[in-house]
Amino acid sequence: MNLRIPGPIPVPDDILQILSRQMINHRGPEFKELLYRVTERLKTVFATENDMFILSSSGTGGMEAAISNTLSVGDKVICASIGSFGNRFGEIAKRFGANVEMVNFEPGTSINIEVLEQALNDHKNVKAVLVTHNETNTGVTNNLKQVAKIVKKDPSRLLLVDGISSVCSIPLQTDEWECDVVVSASQKGWMLPPGLAFISFSPLAWKFNSVSDMPRFYFDLIQYKSYYEKGQPPWTPALSIIFALDKALEQIIDEGMENVYSRHSSIANQVRNGIKAIGLSLFPDISVASNTVTAVKSPDGLDADILRKQVQQDHDVVLAGGYGPQQGKIFRIGHLGYVKPKEIDETIDAINLTLKNV
């Protein structure tokens with residue numbers, strides 16, 4: 001099977017083998033050494049000196065932790081959203097009691113910096129801005145560096161970033177861009193199964209944490225920080241995936257982050273060129289197109305979900321569909337993690353052959 005969705009992704013064989021390792025004591029010295037090693041390597045990938053924690057959860061759990069560990073009930077928050085996952089970030093904040101102002105942009109476009117700046121000027125006492133760096137629903141990457149520059153015109157304002165499908169695949173300079181909290185997840189560019197979320201936490205985030213009144217228990221980062229000092233997790237961790245994380249990070253660091261980013265860019269260009277060659281169009285403008293997932297318009301009169309089903313049935317290639325208003329109108333090709341050019345060629349060929357027969 002050629003799994004071409006934006007997560008979970010195919011896991012390389014050598015990393016799969018690590019998952020079969022026998023368990024160890026997560027309160028013992030072997031785990032302490034492992035925890036400290038992978039945490040420092042995660043900081044390298046995140047480009048940060050901030051605190052870093054590993055949560056046993058999906059990326060959504062990391063988003064929840066970002067909210068509940070920094071904000072208080074009633075805090076004014078702006079959520080700049082370009083799609084379903086941006087909307088989810090805002091919804092989490094609402095559920096926990098924040099006063100959320102949604103600033104929505106048309107699906108297939110990126111955040112308009114001028115509109116965001118105007119929203120920040122119009123709404124006083126904004127405590128935090130929520131942004132999804134890479135919106136997999138529409139195949140768009142926001143210019144997070146520009147967003148951060150606008151948000152941090154007020155240095156007391158928090159910037160909370162959903163980097164779930166961007167960190168380790170698309171450049172994100174956590175410290176340089178003053179991102180206070182950044183979340184990612186194992187099933188994306190990290191070449192791992194689902195089950196881990198990673199979250200960086202800045203000194204300003206800790207300042208907010210000290211007065212935050214939102215409820216939390218499992219995702220209480222004070223507990224994570226306290227236990228980290230002892231070389232332990234507060235709760236039983238997903239040990240097998242952490243073993244695999246150690247191996248994956250070794251490979252990522254050895255390859256070098258610039259090479260990792262270049263590899264993702266090259267594969268993304270191969271996908272986009274292939275889509276164009278068979279007469280299809282991207283959903284977003286190429287200037288904002290993601291290097292981890294490509295959203296493609298289905299031909300007029302053809303339901304994208306029917307096309308996807310046929311591609312899988314005939315060629316064993318699994319594509320992702322669209323969400324919400326885009327359902328049935330677009331399909332998505334995931335290409336994050338370690339992807340071979342041959343896999344992309346097979347994907348494009350499968351789509352092309354199916355189009356000729358539906």
# chains A, B, ... in the order shown; residues from 1 in each chain; ligands from 1
call {"tool": "select_by_dssp", "arguments": {"residues": "region 133-315 of chain A", "states": "alpha helix (DSSP H)", "output": "PyMOL selection string"}}
result
chain A and resi 144-151+203-209+221-228+239-255+257-277+304-315
call {"tool": "write_last_selection", "arguments": {"atoms": "C-alpha atoms", "output": "mmCIF file, in the first residue's frame"}}
result
data_model
loop_
_atom_site.group_PDB
_atom_site.id
_atom_site.type_symbol
_atom_site.label_atom_id
_atom_site.label_comp_id
_atom_site.auth_asym_id
_atom_site.auth_seq_id
_atom_site.Cartn_x
_atom_site.Cartn_y
_atom_site.Cartn_z
ATOM 1 C CA LEU A 144 4.723 32.395 10.363
ATOM 2 C CA LYS A 145 7.732 34.686 10.467
ATOM 3 C CA GLN A 146 5.579 37.615 9.292
ATOM 4 C CA VAL A 147 2.727 36.635 11.601
ATOM 5 C CA ALA A 148 5.099 36.530 14.558
ATOM 6 C CA LYS A 149 6.522 39.936 13.680
ATOM 7 C CA ILE A 150 3.038 41.472 13.829
ATOM 8 C CA VAL A 151 1.989 39.637 16.979
ATOM 9 C CA PRO A 203 9.650 32.040 29.663
ATOM 10 C CA LEU A 204 6.685 34.259 28.732
ATOM 11 C CA ALA A 205 4.484 31.160 28.537
ATOM 12 C CA TRP A 206 5.601 30.257 32.072
ATOM 13 C CA LYS A 207 4.746 33.786 33.215
ATOM 14 C CA PHE A 208 1.217 33.296 31.876
ATOM 15 C CA ASN A 209 1.146 29.823 33.404
ATOM 16 C CA LEU A 221 3.101 21.160 32.299
ATOM 17 C CA ILE A 222 4.087 22.100 35.847
ATOM 18 C CA GLN A 223 4.022 18.373 36.553
ATOM 19 C CA TYR A 224 6.045 17.654 33.411
ATOM 20 C CA LYS A 225 8.663 20.230 34.396
ATOM 21 C CA SER A 226 8.899 18.942 37.964
ATOM 22 C CA TYR A 227 9.294 15.331 36.901
ATOM 23 C CA TYR A 228 11.708 16.199 34.080
ATOM 24 C CA LEU A 239 7.654 3.962 25.682
ATOM 25 C CA SER A 240 7.814 2.168 22.337
ATOM 26 C CA ILE A 241 7.293 5.367 20.375
ATOM 27 C CA ILE A 242 9.927 7.163 22.465
ATOM 28 C CA PHE A 243 12.391 4.370 21.588
ATOM 29 C CA ALA A 244 11.558 4.968 17.935
ATOM 30 C CA LEU A 245 11.794 8.741 18.417
ATOM 31 C CA ASP A 246 15.362 8.308 19.605
ATOM 32 C CA LYS A 247 16.263 6.526 16.365
ATOM 33 C CA ALA A 248 14.355 8.968 14.170
ATOM 34 C CA LEU A 249 15.975 12.000 15.801
ATOM 35 C CA GLU A 250 19.417 10.482 15.345
ATOM 36 C CA GLN A 251 18.736 10.200 11.618
ATOM 37 C CA ILE A 252 17.211 13.674 11.371
ATOM 38 C CA ILE A 253 20.093 15.368 13.185
ATOM 39 C CA ASP A 254 22.650 13.439 11.128
ATOM 40 C CA GLU A 255 20.928 14.490 7.900
ATOM 41 C CA MET A 257 17.787 20.319 9.212
ATOM 42 C CA GLU A 258 18.517 22.263 6.035
ATOM 43 C CA ASN A 259 18.770 18.989 4.139
ATOM 44 C CA VAL A 260 15.515 17.770 5.701
ATOM 45 C CA TYR A 261 13.755 20.956 4.588
ATOM 46 C CA SER A 262 15.294 20.716 1.121
ATOM 47 C CA ARG A 263 14.158 17.104 0.779
ATOM 48 C CA HIS A 264 10.582 18.040 1.622
ATOM 49 C CA SER A 265 10.699 20.958 -0.812
ATOM 50 C CA SER A 266 12.017 18.735 -3.600
ATOM 51 C CA ILE A 267 9.332 16.105 -3.090
ATOM 52 C CA ALA A 268 6.633 18.797 -2.934
ATOM 53 C CA ASN A 269 7.816 20.216 -6.252
ATOM 54 C CA GLN A 270 7.723 16.737 -7.752
ATOM 55 C CA VAL A 271 4.110 16.352 -6.627
ATOM 56 C CA ARG A 272 3.060 19.758 -7.925
ATOM 57 C CA ASN A 273 4.790 19.238 -11.282
ATOM 58 C CA GLY A 274 3.208 15.807 -11.592
ATOM 59 C CA ILE A 275 -0.264 17.147 -10.871
ATOM 60 C CA LYS A 276 0.191 19.863 -13.471
ATOM 61 C CA ALA A 277 1.480 17.325 -16.027
ATOM 62 C CA ALA A 304 -13.087 13.804 -5.306
ATOM 63 C CA ASP A 305 -14.128 11.113 -2.839
ATOM 64 C CA ILE A 306 -15.241 8.828 -5.666
ATOM 65 C CA LEU A 307 -11.903 9.419 -7.364
ATOM 66 C CA ARG A 308 -9.999 8.602 -4.172
ATOM 67 C CA LYS A 309 -11.956 5.412 -3.633
ATOM 68 C CA GLN A 310 -11.226 4.256 -7.169
ATOM 69 C CA VAL A 311 -7.514 5.092 -6.910
ATOM 70 C CA GLN A 312 -7.254 2.967 -3.785
ATOM 71 C CA GLN A 313 -9.332 0.121 -5.205
ATOM 72 C CA ASP A 314 -7.414 -0.088 -8.478
ATOM 73 C CA HIS A 315 -3.895 0.909 -7.458
#
call {"tool": "select_by_dssp", "arguments": {"residues": "region 197-349 of chain A", "states": "strand (DSSP E)", "output": "list in words"}}
result
Ala197, Phe198, Ile199, Ser200, Phe201, Val293, Thr294, Ala295, Val296, Lys297, Val317, Val318, Leu319, Ala320, Gly321, Ile330, Phe331, Arg332, Ile333 and Gly334 of chain A
call {"tool": "write_last_selection", "arguments": {"atoms": "N, CA and C atoms", "output": "PDB file, in the first residue's frame"}}
result
ATOM      1  N   ALA A 197       3.022  13.843  21.336  1.00  0.00           N
ATOM      2  CA  ALA A 197       3.010  15.257  20.987  1.00  0.00           C
ATOM      3  C   ALA A 197       4.213  15.912  21.645  1.00  0.00           C
ATOM      4  N   PHE A 198       4.766  16.924  20.985  1.00  0.00           N
ATOM      5  CA  PHE A 198       5.920  17.658  21.499  1.00  0.00           C
ATOM      6  C   PHE A 198       5.516  19.119  21.664  1.00  0.00           C
ATOM      7  N   ILE A 199       5.932  19.715  22.771  1.00  0.00           N
ATOM      8  CA  ILE A 199       5.523  21.099  23.034  1.00  0.00           C
ATOM      9  C   ILE A 199       6.669  21.880  23.642  1.00  0.00           C
ATOM     10  N   SER A 200       6.982  23.015  23.012  1.00  0.00           N
ATOM     11  CA  SER A 200       8.003  23.921  23.559  1.00  0.00           C
ATOM     12  C   SER A 200       7.301  25.041  24.318  1.00  0.00           C
ATOM     13  N   PHE A 201       7.966  25.538  25.371  1.00  0.00           N
ATOM     14  CA  PHE A 201       7.315  26.468  26.302  1.00  0.00           C
ATOM     15  C   PHE A 201       8.314  27.540  26.705  1.00  0.00           C
ATOM     16  N   VAL A 293       1.884  18.646   2.268  1.00  0.00           N
ATOM     17  CA  VAL A 293       0.647  18.081   1.729  1.00  0.00           C
ATOM     18  C   VAL A 293       0.168  18.959   0.576  1.00  0.00           C
ATOM     19  N   THR A 294      -0.238  18.309  -0.503  1.00  0.00           N
ATOM     20  CA  THR A 294      -0.712  19.032  -1.685  1.00  0.00           C
ATOM     21  C   THR A 294      -2.208  18.816  -1.853  1.00  0.00           C
ATOM     22  N   ALA A 295      -2.957  19.916  -1.858  1.00  0.00           N
ATOM     23  CA  ALA A 295      -4.398  19.869  -2.079  1.00  0.00           C
ATOM     24  C   ALA A 295      -4.674  20.120  -3.552  1.00  0.00           C
ATOM     25  N   VAL A 296      -5.449  19.212  -4.155  1.00  0.00           N
ATOM     26  CA  VAL A 296      -5.677  19.223  -5.601  1.00  0.00           C
ATOM     27  C   VAL A 296      -7.165  19.349  -5.894  1.00  0.00           C
ATOM     28  N   LYS A 297      -7.521  20.205  -6.849  1.00  0.00           N
ATOM     29  CA  LYS A 297      -8.909  20.330  -7.269  1.00  0.00           C
ATOM     30  C   LYS A 297      -9.307  19.110  -8.080  1.00  0.00           C
ATOM     31  N   VAL A 317      -3.303   2.950  -3.717  1.00  0.00           N
ATOM     32  CA  VAL A 317      -2.744   4.246  -3.309  1.00  0.00           C
ATOM     33  C   VAL A 317      -3.824   4.960  -2.506  1.00  0.00           C
ATOM     34  N   VAL A 318      -3.485   5.364  -1.290  1.00  0.00           N
ATOM     35  CA  VAL A 318      -4.470   5.967  -0.386  1.00  0.00           C
ATOM     36  C   VAL A 318      -4.265   7.478  -0.344  1.00  0.00           C
ATOM     37  N   LEU A 319      -5.273   8.213  -0.794  1.00  0.00           N
ATOM     38  CA  LEU A 319      -5.257   9.673  -0.784  1.00  0.00           C
ATOM     39  C   LEU A 319      -6.190  10.178   0.317  1.00  0.00           C
ATOM     40  N   ALA A 320      -6.018  11.425   0.712  1.00  0.00           N
ATOM     41  CA  ALA A 320      -6.876  12.040   1.717  1.00  0.00           C
ATOM     42  C   ALA A 320      -7.925  12.911   1.040  1.00  0.00           C
ATOM     43  N   GLY A 321      -9.070  13.063   1.701  1.00  0.00           N
ATOM     44  CA  GLY A 321     -10.123  13.916   1.166  1.00  0.00           C
ATOM     45  C   GLY A 321     -10.099  15.296   1.789  1.00  0.00           C
ATOM     46  N   ILE A 330     -11.952  18.522  -3.398  1.00  0.00           N
ATOM     47  CA  ILE A 330     -10.502  18.383  -3.485  1.00  0.00           C
ATOM     48  C   ILE A 330     -10.086  17.032  -2.929  1.00  0.00           C
ATOM     49  N   PHE A 331      -8.895  16.604  -3.318  1.00  0.00           N
ATOM     50  CA  PHE A 331      -8.231  15.499  -2.635  1.00  0.00           C
ATOM     51  C   PHE A 331      -6.838  15.964  -2.259  1.00  0.00           C
ATOM     52  N   ARG A 332      -6.225  15.266  -1.327  1.00  0.00           N
ATOM     53  CA  ARG A 332      -4.938  15.710  -0.811  1.00  0.00           C
ATOM     54  C   ARG A 332      -3.919  14.577  -0.859  1.00  0.00           C
ATOM     55  N   ILE A 333      -2.698  14.951  -1.191  1.00  0.00           N
ATOM     56  CA  ILE A 333      -1.585  14.013  -1.269  1.00  0.00           C
ATOM     57  C   ILE A 333      -0.592  14.370  -0.174  1.00  0.00           C
ATOM     58  N   GLY A 334      -0.405  13.473   0.772  1.00  0.00           N
ATOM     59  CA  GLY A 334       0.561  13.707   1.842  1.00  0.00           C
ATOM     60  C   GLY A 334       1.960  13.306   1.408  1.00  0.00           C
TER      61      GLY A 334
END
call {"tool": "closest_atom_pairs", "arguments": {"of": "region 204-246 of chain A", "to": "region 57-66 of chain A", "cutoff": "10 Å", "atoms": "only C-alpha atoms", "output": "JSON lines"}}
result
{"residue": "A:Ala205", "atom": "CA", "partner": "A:Ala66", "partner_atom": "CA", "distance": 9.0}
{"residue": "A:Arg216", "atom": "CA", "partner": "A:Ala65", "partner_atom": "CA", "distance": 8.1}
{"residue": "A:Phe217", "atom": "CA", "partner": "A:Ala65", "partner_atom": "CA", "distance": 9.8}
{"residue": "A:Tyr218", "atom": "CA", "partner": "A:Ala65", "partner_atom": "CA", "distance": 9.0}
{"residue": "A:Phe219", "atom": "CA", "partner": "A:Ala65", "partner_atom": "CA", "distance": 5.5}
{"residue": "A:Asp220", "atom": "CA", "partner": "A:Ala65", "partner_atom": "CA", "distance": 7.3}
{"residue": "A:Leu221", "atom": "CA", "partner": "A:Ala65", "partner_atom": "CA", "distance": 7.7}
{"residue": "A:Pro237", "atom": "CA", "partner": "A:Ser57", "partner_atom": "CA", "distance": 9.4}
{"residue": "A:Ala238", "atom": "CA", "partner": "A:Ser57", "partner_atom": "CA", "distance": 8.7}
call {"tool": "write_last_selection", "arguments": {"atoms": "N, CA and C atoms", "output": "compact mmCIF listing (two decimals), in the first residue's frame"}}
result
# COMPACT_ATOMS: atom_id res chain seq x y z
N ALA A 205 5.55 32.14 28.33
CA ALA A 205 4.48 31.16 28.54
C ALA A 205 4.42 30.75 30.00
N ARG A 216 -6.62 21.68 34.39
CA ARG A 216 -5.74 20.74 33.70
C ARG A 216 -5.27 19.70 34.71
N PHE A 217 -5.02 18.53 34.23
CA PHE A 217 -4.44 17.48 35.07
C PHE A 217 -3.42 16.69 34.26
N TYR A 218 -3.90 15.88 33.33
CA TYR A 218 -2.99 15.04 32.53
C TYR A 218 -1.99 15.89 31.76
N PHE A 219 -2.42 17.04 31.28
CA PHE A 219 -1.55 17.90 30.48
C PHE A 219 -0.99 19.07 31.29
N ASP A 220 -0.87 18.93 32.58
CA ASP A 220 -0.34 19.98 33.44
C ASP A 220 1.18 20.05 33.28
N LEU A 221 1.67 21.07 32.60
CA LEU A 221 3.10 21.16 32.30
C LEU A 221 3.94 21.46 33.53
N PRO A 237 4.53 6.82 30.06
CA PRO A 237 4.70 7.31 28.68
C PRO A 237 4.50 6.21 27.64
N ALA A 238 4.36 6.63 26.39
CA ALA A 238 4.30 5.68 25.27
C ALA A 238 5.73 5.26 24.94
call {"tool": "residues_around", "arguments": {"residues": "Ala98 (chain A)", "least_positions_apart": "4", "cutoff": "12 Å", "atoms": "only C-alpha atoms", "output": "MDAnalysis selection string"}}
result
chainID A and resid 67:68 70:79 89:94 102 126:130 212:214
call {"tool": "residues_around", "arguments": {"residues": "Gly139 (chain A)", "least_positions_apart": "2", "cutoff": "7 Å", "atoms": "only C-alpha atoms", "output": "list in words"}}
result
Glu135, Thr136, Asn137, Thr141, Pro284, Ala289, Ser290, Val293, Thr294 and Ala295 of chain A
call {"tool": "write_last_selection", "arguments": {"atoms": "N, CA and C atoms", "output": "mmCIF file, in the first residue's frame"}}
result
data_model
loop_
_atom_site.group_PDB
_atom_site.id
_atom_site.type_symbol
_atom_site.label_atom_id
_atom_site.label_comp_id
_atom_site.auth_asym_id
_atom_site.auth_seq_id
_atom_site.Cartn_x
_atom_site.Cartn_y
_atom_site.Cartn_z
ATOM 1 N N GLU A 135 -1.628 24.400 7.326
ATOM 2 C CA GLU A 135 -3.010 23.911 7.337
ATOM 3 C C GLU A 135 -3.147 22.756 6.351
ATOM 4 N N THR A 136 -3.148 21.525 6.874
ATOM 5 C CA THR A 136 -3.184 20.362 5.994
ATOM 6 C C THR A 136 -4.513 20.201 5.276
ATOM 7 N N ASN A 137 -5.577 20.779 5.816
ATOM 8 C CA ASN A 137 -6.881 20.666 5.170
ATOM 9 C C ASN A 137 -6.892 21.324 3.797
ATOM 10 N N THR A 141 0.668 26.814 3.677
ATOM 11 C CA THR A 141 1.578 27.172 4.753
ATOM 12 C C THR A 141 1.535 28.669 4.978
ATOM 13 N N PRO A 284 -4.719 25.640 -3.585
ATOM 14 C CA PRO A 284 -4.206 26.971 -3.232
ATOM 15 C C PRO A 284 -3.292 27.507 -4.326
ATOM 16 N N ALA A 289 1.623 27.204 -1.253
ATOM 17 C CA ALA A 289 1.421 25.757 -1.219
ATOM 18 C C ALA A 289 2.370 25.097 -0.229
ATOM 19 N N SER A 290 1.842 24.153 0.509
ATOM 20 C CA SER A 290 2.589 23.446 1.548
ATOM 21 C C SER A 290 3.601 22.473 0.958
ATOM 22 N N VAL A 293 1.884 18.646 2.268
ATOM 23 C CA VAL A 293 0.647 18.081 1.729
ATOM 24 C C VAL A 293 0.168 18.959 0.576
ATOM 25 N N THR A 294 -0.238 18.309 -0.503
ATOM 26 C CA THR A 294 -0.712 19.032 -1.685
ATOM 27 C C THR A 294 -2.208 18.816 -1.853
ATOM 28 N N ALA A 295 -2.957 19.916 -1.858
ATOM 29 C CA ALA A 295 -4.398 19.869 -2.079
ATOM 30 C C ALA A 295 -4.674 20.120 -3.552
#
call {"tool": "residues_around", "arguments": {"residues": "Leu196 (chain A)", "least_positions_apart": "3", "cutoff": "7 Å", "atoms": "only C-alpha atoms", "output": "PyMOL selection string"}}
result
chain A and resi 54-58+185-186
